[in-house]
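Chemist: Below is entry_16.txt; it holds compact mmCIF, C-alpha atoms.
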# COMPACT_ATOMS: atom_id res chain seq x y z
CA MET A 80 -11.45 -1.15 -0.74
CA THR A 81 -12.14 -1.42 2.97
CA GLU A 82 -11.44 -5.15 2.93
CA ILE A 83 -8.12 -4.64 1.15
CA LEU A 84 -7.11 -2.06 3.73
CA HIS A 85 -8.13 -4.36 6.57
CA THR A 86 -6.03 -7.11 5.00
CA LEU A 87 -2.98 -4.87 4.81
CA VAL A 88 -3.36 -3.69 8.40
CA ALA A 89 -3.97 -7.22 9.68
CA ALA A 90 -0.86 -8.43 7.86
CA GLY A 91 1.24 -5.71 9.48
CA ILE A 92 2.02 -3.83 6.28
CA THR A 93 3.65 -0.54 7.24
CA HIS A 94 4.37 1.01 3.84
CA VAL A 95 2.89 0.77 0.35
CA VAL A 96 5.45 1.69 -2.31
CA GLY A 97 4.55 2.13 -5.95
CA LEU A 98 2.76 3.95 -8.73
CA PRO A 99 -0.99 4.03 -9.33
CA ASP A 100 -2.87 2.91 -12.41
CA ASN A 101 -6.60 2.93 -13.02
CA THR A 102 -7.07 -0.30 -11.08
CA SER A 103 -4.96 0.62 -8.06
CA ALA A 104 -5.86 4.32 -7.93
CA PRO A 105 -8.61 3.80 -5.31
CA LEU A 106 -6.07 2.08 -3.07
CA PHE A 107 -3.62 4.96 -3.44
CA ASP A 108 -6.44 7.42 -2.71
CA ALA A 109 -7.41 5.47 0.40
CA LEU A 110 -3.80 5.36 1.61
CA SER A 111 -3.03 9.04 1.04
CA ASP A 112 -3.97 9.87 4.62
CA HIS A 113 -4.08 6.46 6.23
CA LEU A 114 -3.40 6.30 9.95
CA TRP A 115 -1.02 3.32 10.02
CA ILE A 116 0.16 2.63 6.49
CA ARG A 117 2.47 5.13 4.85
CA LEU A 118 2.31 5.65 1.10
CA VAL A 119 5.56 6.17 -0.81
CA THR A 120 4.92 7.21 -4.40
CA VAL A 121 7.83 6.65 -6.76
CA THR A 122 8.70 8.13 -10.13
CA ARG A 123 9.46 4.82 -11.86
CA GLU A 124 8.60 1.31 -10.81
CA GLY A 125 12.17 0.07 -10.48
CA GLU A 126 12.59 2.47 -7.58
CA ALA A 127 9.82 0.71 -5.71
CA PHE A 128 11.76 -2.52 -5.26
CA ALA A 129 14.89 -0.79 -4.01
CA ILE A 130 12.91 1.35 -1.59
CA ALA A 131 10.88 -1.62 -0.38
CA SER A 132 14.08 -3.61 0.14
CA GLY A 133 15.53 -0.75 2.15
CA LEU A 134 12.36 -0.54 4.21
CA TRP A 135 12.63 -4.23 4.96
CA LEU A 136 16.29 -3.84 5.95
CA GLY A 137 15.19 -1.15 8.37
CA GLY A 138 12.58 -3.39 9.98
CA ALA A 139 9.46 -2.22 8.16
CA SER A 140 6.97 -4.39 6.23
CA PRO A 141 6.41 -2.94 2.77
CA LEU A 142 4.06 -3.90 -0.06
CA VAL A 143 4.91 -2.92 -3.64
CA VAL A 144 1.95 -1.91 -5.83
CA ILE A 145 2.65 -1.44 -9.53
CA GLN A 146 1.11 -2.14 -12.92
CA ASN A 147 2.43 -5.04 -14.97
CA THR A 148 3.95 -2.59 -17.46
CA GLY A 149 6.02 -1.20 -14.61
CA LEU A 150 6.97 -4.69 -13.53
CA LEU A 151 8.64 -5.17 -16.89
CA GLU A 152 10.57 -1.94 -16.33
CA SER A 153 11.79 -3.16 -12.94
CA GLY A 154 13.82 -6.21 -13.87
CA ASP A 155 17.31 -5.45 -12.62
CA SER A 156 16.09 -3.54 -9.60
CA LEU A 157 13.94 -6.47 -8.48
CA ARG A 158 16.69 -8.96 -9.23
CA GLY A 159 19.55 -6.98 -7.72
CA THR A 160 17.73 -6.00 -4.53
CA ALA A 161 14.78 -8.03 -3.24
CA VAL A 162 15.56 -11.30 -5.03
CA ARG A 163 19.28 -11.28 -4.19
CA MET A 164 18.57 -10.20 -0.63
CA GLY A 165 15.97 -12.88 -0.07
CA ALA A 166 13.66 -10.12 1.06
CA PRO A 167 10.04 -11.10 1.77
CA ILE A 168 8.50 -8.34 -0.32
CA PRO A 169 4.89 -8.92 -1.43
CA ILE A 170 4.06 -7.38 -4.80
CA LEU A 171 0.61 -6.44 -6.01
CA VAL A 172 0.79 -6.30 -9.81
CA THR A 173 -2.26 -4.89 -11.51
CA GLY A 174 -2.94 -6.67 -14.75
CA ARG A 175 -3.31 -4.32 -17.68
CA GLY A 176 -4.47 -6.13 -20.80
CA TYR A 177 -5.94 -9.20 -19.12
CA SER A 178 -9.52 -8.41 -20.13
CA LYS A 179 -8.50 -8.01 -23.78
CA MET A 180 -6.51 -11.21 -23.59
CA LYS A 181 -9.46 -13.09 -22.15
CA LYS A 182 -11.86 -11.56 -24.66
CA ALA A 183 -9.61 -12.77 -27.47
CA GLY A 184 -9.61 -16.27 -26.04
CA LEU A 185 -5.92 -16.13 -25.25
CA ALA A 186 -3.96 -17.13 -22.16
CA PRO A 187 -0.54 -16.20 -20.68
CA SER A 188 0.68 -19.64 -21.66
CA ASP A 189 0.08 -19.06 -25.39
CA PRO A 190 3.21 -18.96 -27.56
CA ARG A 191 4.43 -15.39 -27.84
CA GLU A 192 4.78 -15.28 -31.59
CA ARG A 193 5.25 -12.08 -33.57
CA ASP A 194 1.75 -12.16 -34.97
CA LEU A 195 0.25 -12.41 -31.52
CA LEU A 196 2.43 -9.73 -29.93
CA THR A 197 1.62 -7.25 -32.70
CA ARG A 198 -2.15 -7.76 -32.86
CA ARG A 199 -3.96 -4.48 -32.37
CA ASP A 200 -6.69 -6.00 -30.24
CA ILE A 201 -4.17 -7.45 -27.79
CA ASP A 202 -2.20 -5.63 -25.11
CA SER A 203 1.01 -7.61 -25.21
CA VAL A 204 1.92 -6.83 -21.61
CA ALA A 205 -0.70 -9.31 -20.41
CA LEU A 206 0.94 -12.06 -22.41
CA LEU A 207 4.37 -11.24 -21.04
CA THR A 208 3.65 -10.65 -17.35
CA GLU A 209 3.46 -14.20 -16.01
CA PRO A 210 6.27 -15.63 -18.16
CA THR A 211 8.43 -12.76 -16.92
CA LEU A 212 7.67 -13.50 -13.27
CA GLU A 213 8.47 -17.16 -13.90
CA ALA A 214 11.73 -16.26 -15.62
CA TRP A 215 12.74 -14.00 -12.74
CA GLY A 216 11.98 -16.64 -10.12
CA VAL A 217 9.15 -14.73 -8.48
CA PRO A 218 6.29 -16.98 -7.33
CA PHE A 219 2.87 -15.56 -8.05
CA GLU A 220 -0.84 -16.21 -7.90
CA ARG A 221 -3.33 -14.77 -10.35
CA CYS A 222 -6.48 -13.22 -8.93
CA GLU A 223 -9.34 -13.28 -11.44
CA GLY A 224 -13.03 -13.91 -11.90
CA GLU A 225 -14.72 -14.74 -8.63
CA ASP A 226 -11.49 -14.87 -6.61
CA ASP A 227 -11.51 -12.75 -3.47
CA PRO A 228 -8.80 -10.08 -3.89
CA SER A 229 -8.34 -9.64 -0.14
CA ALA A 230 -7.91 -13.36 0.44
CA VAL A 231 -5.43 -13.74 -2.42
CA LEU A 232 -3.48 -10.71 -1.23
CA ALA A 233 -3.35 -12.11 2.30
CA ARG A 234 -2.00 -15.40 0.95
CA THR A 235 0.61 -13.59 -1.09
CA ILE A 236 1.86 -11.63 1.91
CA GLU A 237 2.00 -14.77 4.02
CA SER A 238 3.82 -16.66 1.27
CA ALA A 239 6.44 -13.91 0.90
CA LEU A 240 7.09 -14.01 4.63
CA SER A 241 7.24 -17.78 4.95
CA THR A 242 9.47 -18.30 1.91
CA GLU A 243 11.65 -15.19 2.41
CA ARG A 244 11.45 -14.07 -1.19
CA PRO A 245 9.50 -11.54 -3.22
CA THR A 246 6.11 -12.99 -4.09
CA ALA A 247 3.45 -11.51 -6.35
CA VAL A 248 -0.27 -11.44 -6.89
CA VAL A 249 -1.30 -10.60 -10.44
CA MET A 250 -4.59 -8.75 -10.10
CA ALA A 251 -6.37 -9.66 -13.31
CA ARG A 252 -9.60 -8.08 -12.04
CA GLY A 253 -10.60 -5.01 -10.07
CA PHE A 254 -10.17 -4.74 -6.30
CA THR A 255 -13.89 -4.67 -5.57
CA MET B 140 39.10 18.17 -7.23
CA LEU B 141 39.19 15.63 -4.37
CA THR B 142 40.66 12.17 -4.24
CA ARG B 143 38.34 9.41 -3.07
CA ALA B 144 40.33 9.14 0.15
CA GLN B 145 39.80 12.84 0.77
CA VAL B 146 36.07 12.17 0.62
CA LEU B 147 35.95 9.00 2.70
CA ASP B 148 38.54 9.69 5.43
CA PRO B 149 36.77 12.74 6.92
CA LEU B 150 33.49 10.88 6.69
CA ILE B 151 34.69 7.95 8.75
CA GLN B 152 36.32 10.30 11.25
CA HIS B 153 32.98 12.00 11.90
CA ARG B 154 30.83 8.89 11.73
CA THR B 155 29.08 7.82 14.91
CA ASP B 156 26.02 5.60 14.42
CA GLU B 157 25.12 6.55 10.86
CA ILE B 158 24.16 3.89 8.32
CA VAL B 159 26.34 4.01 5.19
CA VAL B 160 25.18 2.60 1.85
CA THR B 161 27.86 2.31 -0.82
CA THR B 162 27.80 1.47 -4.50
CA MET B 163 30.14 1.08 -7.45
CA GLY B 164 33.47 2.92 -7.09
CA ALA B 165 32.94 3.77 -3.41
CA THR B 166 32.15 0.22 -2.30
CA ARG B 167 35.61 -1.28 -2.10
CA PRO B 168 37.45 1.79 -0.73
CA TRP B 169 34.84 2.20 2.03
CA GLY B 170 35.15 -1.49 2.88
CA ARG B 171 38.89 -1.02 3.35
CA ILE B 172 38.49 1.63 6.05
CA SER B 173 35.19 0.65 7.68
CA ASP B 174 34.16 -2.59 9.34
CA SER B 175 30.71 -1.74 10.65
CA ASP B 176 27.64 -3.97 10.50
CA LEU B 177 25.79 -0.78 9.60
CA ASP B 178 27.55 -0.59 6.23
CA PHE B 179 25.62 -1.88 3.25
CA ALA B 180 27.08 -2.50 -0.20
CA SER B 181 24.57 -2.06 -3.01
CA ALA B 182 26.95 -4.00 -5.18
CA ASP B 183 24.95 -6.73 -6.85
CA SER B 184 24.31 -4.64 -9.92
CA ALA B 185 20.87 -3.01 -9.75
CA MET B 186 23.04 -0.05 -10.77
CA GLY B 187 21.39 3.24 -9.99
CA HIS B 188 19.36 1.92 -7.09
CA ALA B 189 21.60 2.62 -4.12
CA ALA B 190 20.02 6.03 -3.54
CA ASP B 191 16.49 4.64 -3.42
CA LEU B 192 17.51 1.62 -1.33
CA ALA B 193 19.07 4.03 1.17
CA LEU B 194 15.87 6.06 1.12
CA GLY B 195 13.91 2.98 2.16
CA ILE B 196 16.22 2.39 5.12
CA ALA B 197 15.90 6.04 6.13
CA LEU B 198 12.11 5.89 6.01
CA ALA B 199 12.08 2.75 8.14
CA ARG B 200 14.55 4.20 10.64
CA PRO B 201 13.91 7.92 11.11
CA ASP B 202 16.04 7.78 14.26
CA ARG B 203 19.19 7.12 12.20
CA THR B 204 20.99 9.21 9.63
CA VAL B 205 21.46 7.26 6.41
CA VAL B 206 24.35 8.23 4.14
CA CYS B 207 24.46 7.01 0.54
CA LEU B 208 27.78 7.17 -1.31
CA ASN B 209 26.52 7.36 -4.87
CA GLY B 210 28.38 7.97 -8.10
CA ASP B 211 27.42 10.29 -10.93
CA GLY B 212 26.78 7.43 -13.36
CA SER B 213 24.50 5.77 -10.83
CA MET B 214 22.74 9.03 -10.01
CA LEU B 215 21.96 9.66 -13.66
CA MET B 216 20.20 6.30 -13.88
CA THR B 217 17.57 7.27 -11.33
CA LEU B 218 17.33 11.06 -11.27
CA GLY B 219 13.66 10.62 -10.44
CA THR B 220 14.75 9.44 -7.01
CA LEU B 221 15.50 13.07 -6.16
CA ALA B 222 11.77 13.75 -6.49
CA THR B 223 10.88 10.62 -4.56
CA VAL B 224 13.18 11.68 -1.73
CA VAL B 225 11.55 15.08 -1.48
CA GLY B 226 8.05 13.65 -1.79
CA SER B 227 8.74 11.20 1.02
CA GLU B 228 9.50 14.09 3.43
CA VAL B 229 12.51 12.18 4.75
CA THR B 230 14.85 14.27 6.90
CA ASN B 231 17.52 11.72 7.94
CA TYR B 232 18.97 11.21 4.48
CA VAL B 233 22.31 12.36 3.06
CA LEU B 234 23.06 11.63 -0.58
CA PHE B 235 26.65 12.00 -1.76
CA VAL B 236 27.20 12.25 -5.50
CA MET B 237 30.87 11.49 -6.11
CA ASP B 238 31.22 12.99 -9.55
CA ASN B 239 34.26 11.72 -11.45
CA GLY B 240 32.62 12.06 -14.86
CA VAL B 241 33.31 8.49 -15.91
CA PHE B 242 32.20 4.90 -15.57
CA GLU B 243 35.28 3.97 -13.56
CA ILE B 244 34.66 0.26 -13.17
CA THR B 245 34.37 -0.32 -16.90
CA GLY B 246 37.46 1.67 -17.83
CA HIS B 247 36.73 5.41 -17.64
CA GLN B 248 34.19 5.89 -20.42
CA SER B 249 32.48 9.27 -20.01
CA VAL B 250 29.04 9.40 -18.45
CA ALA B 251 26.36 11.34 -20.31
CA GLY B 252 26.81 15.05 -19.74
CA SER B 253 30.15 14.52 -18.03
CA GLY B 254 31.36 17.70 -16.34
CA GLN B 255 28.26 19.66 -17.29
CA ILE B 256 25.73 18.66 -14.66
CA ASP B 257 25.20 20.60 -11.42
CA TYR B 258 23.74 17.97 -9.11
CA ALA B 259 23.53 20.37 -6.18
CA ALA B 260 21.45 22.81 -8.21
CA MET B 261 19.31 19.97 -9.44
CA ALA B 262 18.65 18.79 -5.88
CA GLN B 263 17.93 22.32 -4.72
CA ALA B 264 15.44 22.82 -7.52
CA THR B 265 13.79 19.54 -6.62
CA GLY B 266 13.33 20.68 -3.03
CA PHE B 267 16.18 19.18 -1.01
CA GLN B 268 16.50 20.95 2.32
CA ARG B 269 20.27 21.36 2.06
CA VAL B 270 22.75 21.06 -0.79
CA PHE B 271 26.52 21.33 -0.89
CA PHE B 272 29.12 21.49 -3.64
CA PHE B 273 32.81 20.81 -3.02
CA GLU B 274 35.78 20.78 -5.31
CA ASP B 275 38.49 21.08 -2.67
CA ALA B 276 39.31 18.78 0.21
CA ARG B 277 39.69 21.41 2.90
CA SER B 278 36.26 23.02 2.67
CA TYR B 279 34.67 19.59 2.47
CA ALA B 280 36.51 18.28 5.53
CA GLU B 281 35.44 21.35 7.50
CA SER B 282 31.79 20.73 6.61
CA VAL B 283 31.39 16.99 7.13
CA GLY B 284 30.28 17.29 10.74
CA GLU B 285 27.53 19.71 9.79
CA ILE B 286 26.50 17.58 6.83
CA LEU B 287 25.95 14.55 9.06
CA THR B 288 24.11 16.26 11.87
CA GLN B 289 21.75 18.81 10.35
CA PRO B 290 18.27 17.79 9.14
CA GLY B 291 17.90 17.06 5.46
CA PRO B 292 17.30 15.71 2.98
CA THR B 293 20.81 16.69 2.00
CA LEU B 294 22.71 16.28 -1.27
CA VAL B 295 26.48 16.65 -1.40
CA HIS B 296 28.00 17.05 -4.85
CA LEU B 297 31.75 16.38 -4.88
CA LEU B 298 34.11 16.64 -7.82
CA VAL B 299 36.43 13.67 -7.43
CA GLU B 300 39.34 12.31 -9.41
CA PRO B 301 38.69 9.08 -11.31
CA GLY B 302 40.22 6.13 -9.51
CA SER B 303 41.11 2.67 -10.69
CA GLU B 304 38.59 0.38 -9.03
CA GLY B 305 37.69 -2.65 -11.09
CA PRO B 306 34.50 -4.71 -11.01
CA ILE B 307 33.26 -5.59 -7.53
CA SER B 308 32.76 -9.19 -6.50
CA ARG B 309 31.46 -10.96 -3.46
CA ASP B 310 34.21 -13.35 -2.43
CA ASP B 311 36.94 -13.93 0.14
CA ARG B 312 39.51 -11.91 -1.78
CA GLU B 313 37.70 -8.69 -0.97
CA LYS B 314 39.04 -6.66 1.93
CA GLY B 315 35.67 -5.30 2.98
CA ARG B 316 33.81 -7.71 5.24
CA TYR B 317 30.51 -6.69 3.70
CA LEU B 318 31.73 -8.06 0.36
CA ARG B 319 32.81 -11.42 1.72
CA THR B 320 29.25 -12.71 2.18
CA SER B 321 26.23 -13.02 -0.07
CA LEU B 322 23.88 -10.08 -0.24
CA ALA B 323 21.21 -12.22 1.46
CA ASP B 324 23.48 -13.06 4.39
CA TRP B 325 24.74 -9.51 4.80
CA SER B 326 21.17 -8.23 4.73
CA ARG B 327 20.43 -10.31 7.82
CA ILE B 328 23.64 -9.21 9.56
CA PHE B 329 22.68 -5.60 8.84
CA LYS B 330 19.09 -6.06 10.03
CA ALA B 331 20.23 -7.74 13.23
CA ALA B 332 22.72 -4.97 13.91
CA LEU B 333 20.03 -2.34 13.50
CA GLU B 334 17.72 -4.21 15.86
CA THR B 335 20.35 -4.73 18.55
CA LYS B 336 21.72 -1.19 18.36
CA ASP B 337 18.38 0.46 19.12
For this file, write the structure as structure tokens.
Modeler:
Amino acid sequence: MTEILHTLVAAGITHVVGLPDNTSAPLFDALSDHLWIRLVTVTREGEAFAIASGLWLGGASPLVVIQNTGLLESGDSLRGTAVRMGAPIPILVTGRGYSKMKKAGLAPSDPRERDLLTRRDIDSVALLTEPTLEAWGVPFERCEGEDDPSAVLARTIESALSTERPTAVVMARGFT
Amino acid sequence: MLTRAQVLDPLIQHRTDEIVVTTMGATRPWGRISDSDLDFASADSAMGHAADLALGIALARPDRTVVCLNGDGSMLMTLGTLATVVGSEVTNYVLFVMDNGVFEITGHQSVAGSGQIDYAAMAQATGFQRVFFFEDARSYAESVGEILTQPGPTLVHLLVEPGSEGPISRDDREKGRYLRTSLADWSRIFKAALETKD
């Protein structure tokens, strides 16, 4: 977690806005009394994009941290604020269901047929996350396996800034 | 019950350097009477998210009071934002709920719980520092100065008459300057204004 925090500080992140899940909970714990980064916990993920967009308007540098289930809840908020504003908001999306998907030998590119989406050993959110980001015009990079989460997050933040649009990292593994 | 003009006119008379975020039925009327770079129209749908967008601005700029002109239909979409506001410990935040009981832009269909919801009580129970309720223009006009200057977070519940505003667009036919540009362009005008007016 220390490396992630160093990455956020080095990138100038001033606020983390979002909701914790089991993957991101250690980050939220670490930020609860952080010296430089302020944590804004929301009640529903759609709020996070509006708040982050407002923070950016006010001159701050926010990062949104939400689970992929919450990403699906956030559609019109993300579209109507950060995307329409051309706001460079980096998004850390934790990837619920990716381990089950991998274990089943499936990939986000597999056809999303009824039989697949209703299988009890599959968490359908993993199958829907990346196609949703593509549909919404949000560039993303998946962090998995031996990828370095801090390095991928740093690239995502830099990409959001350089392209002036919300940009995501899908964290398909733990932070450490 | 107040008219929309009876809400907005005293507000602009007392405004100094406050940021004003508008949405839905308040967007066009505010654009007719205000021409400030510190106005922001949350008018590209994302309905319900003006209050949280305004919260983000307030958190980034604690030196400025941020006023959000929300509607009751929009407020109902993100009631959780009341908790987020309180949890954020923001003090420079004033949330107006202009309660006309209807979805005005789509033709006056009733909102859920129309006429039955006490937003001021709801905000007070959530932990807002100050709450107000107005159903007459005079008492509201006498209180606007205090509303804008005292620490919050503050929620102002106003009973207003339904108007006749239609759907909002971003084009040259709009009177409000903040509706005659794209949201992306206005965002940069707004940001620049905030930076230069430090």
Chemist: With distances taken over only C-alpha atoms, which residue among B:Val241, B:Ile328, B:Val236, B:Leu297 lies nearest chain A?
Modeler: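 Between B:Val241, B:Ile328, B:Val236, B:Leu297, the residue approaching chain A most closely is B:Ile328.
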Chemist: Could you list, as a list in words, every residue of chain B that has an atom within 7 Å of an atom of chain A, counting only C-alpha atoms?
Modeler: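 Within 7 Å of chain A on chain B, we get Asp183, Ser184, Ala185, His188, Asp191, Leu192, Ala193, Leu194, Gly195, Ile196, Leu198, Ala199, Arg200, Gly219, Thr220, Thr223, Ser227, Leu322, Ala323, Ser326 and Lys330 of chain B.
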Chemist: What lies within 12 Å of Pro190 (chain A) using all atoms listed in the file, ignoring chain neighbours under 5 positions off, as JSON, numbers by chain?
Modeler: {"A": [185, 195, 196, 203, 206, 207, 210]}
Chemist: So how far away is CA of Ser303 (chain B) from CA of Val146 (chain B), in Å?
Modeler: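 Between these atoms lies a distance of 15.6 Å.
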Chemist: Can you work out the spacing between CA of Lys314 (chain B) and CA of Arg167 (chain B) in Å, to one decimal?
Modeler: 7.5 Å
Chemist: Neighbouring residues of Ser308 (chain B) were defined as those with any atom within 9 Å, considering only C-alpha atoms; residues of the same chain fewer than 6 positions away were excluded. Please report them as a PyMOL selection string.
Modeler: chain B and resi 182-183+318-319
Chemist: How far is it from CA of Ala233 (chain A) to CA of Leu151 (chain A), in Å with one decimal?
Modeler: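 Distance between the two atoms: 23.7 Å.
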Chemist: Pick out the residues sitting within 10 Å of Leu240 (chain A), and hand them over as an MDAnalysis selection string; count all atoms listed in the file, and ignore anything fewer than 6 positions along from it in its own chain.
Modeler: chainID A and resid 140 166:169 234 246
Chemist: Taking all atoms listed in the file into account, name the residue in B:Thr245, B:Gln152, B:Ser282, B:Thr166 that is nearest to Arg316 (chain B).
Modeler: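 Once distances to Arg316 (chain B) are computed over all atoms listed in the file, the minimum belongs to B:Thr166.
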Chemist: Please provide as a ChimeraX atom specification all residues within 12 Å of Tyr279 (chain B), with the sequence filter that same-chain residues fewer than 4 positions apart are discarded (counting all atoms listed in the file).
Modeler: /B:140-142,145-150,235,271-275,283-286,295-299
Chemist: With a distance cut-off of 10 Å and only C-alpha atoms, select the neighbouring residues of Ala186 (chain A), excluding the residue or stretch itself and same-chain residues fewer than 5 positions from it, and output the selection as a list in words.
Modeler: Tyr177, Met180, Lys181, Ala205 and Leu206 of chain A
Chemist: Nearest to Tyr232 (chain B): which of B:Ser278, B:Thr204, B:Thr155, B:Gln268 is it, counting only C-alpha atoms?
Modeler: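 That would be B:Thr204, the residue with the smallest distance to Tyr232 (chain B).
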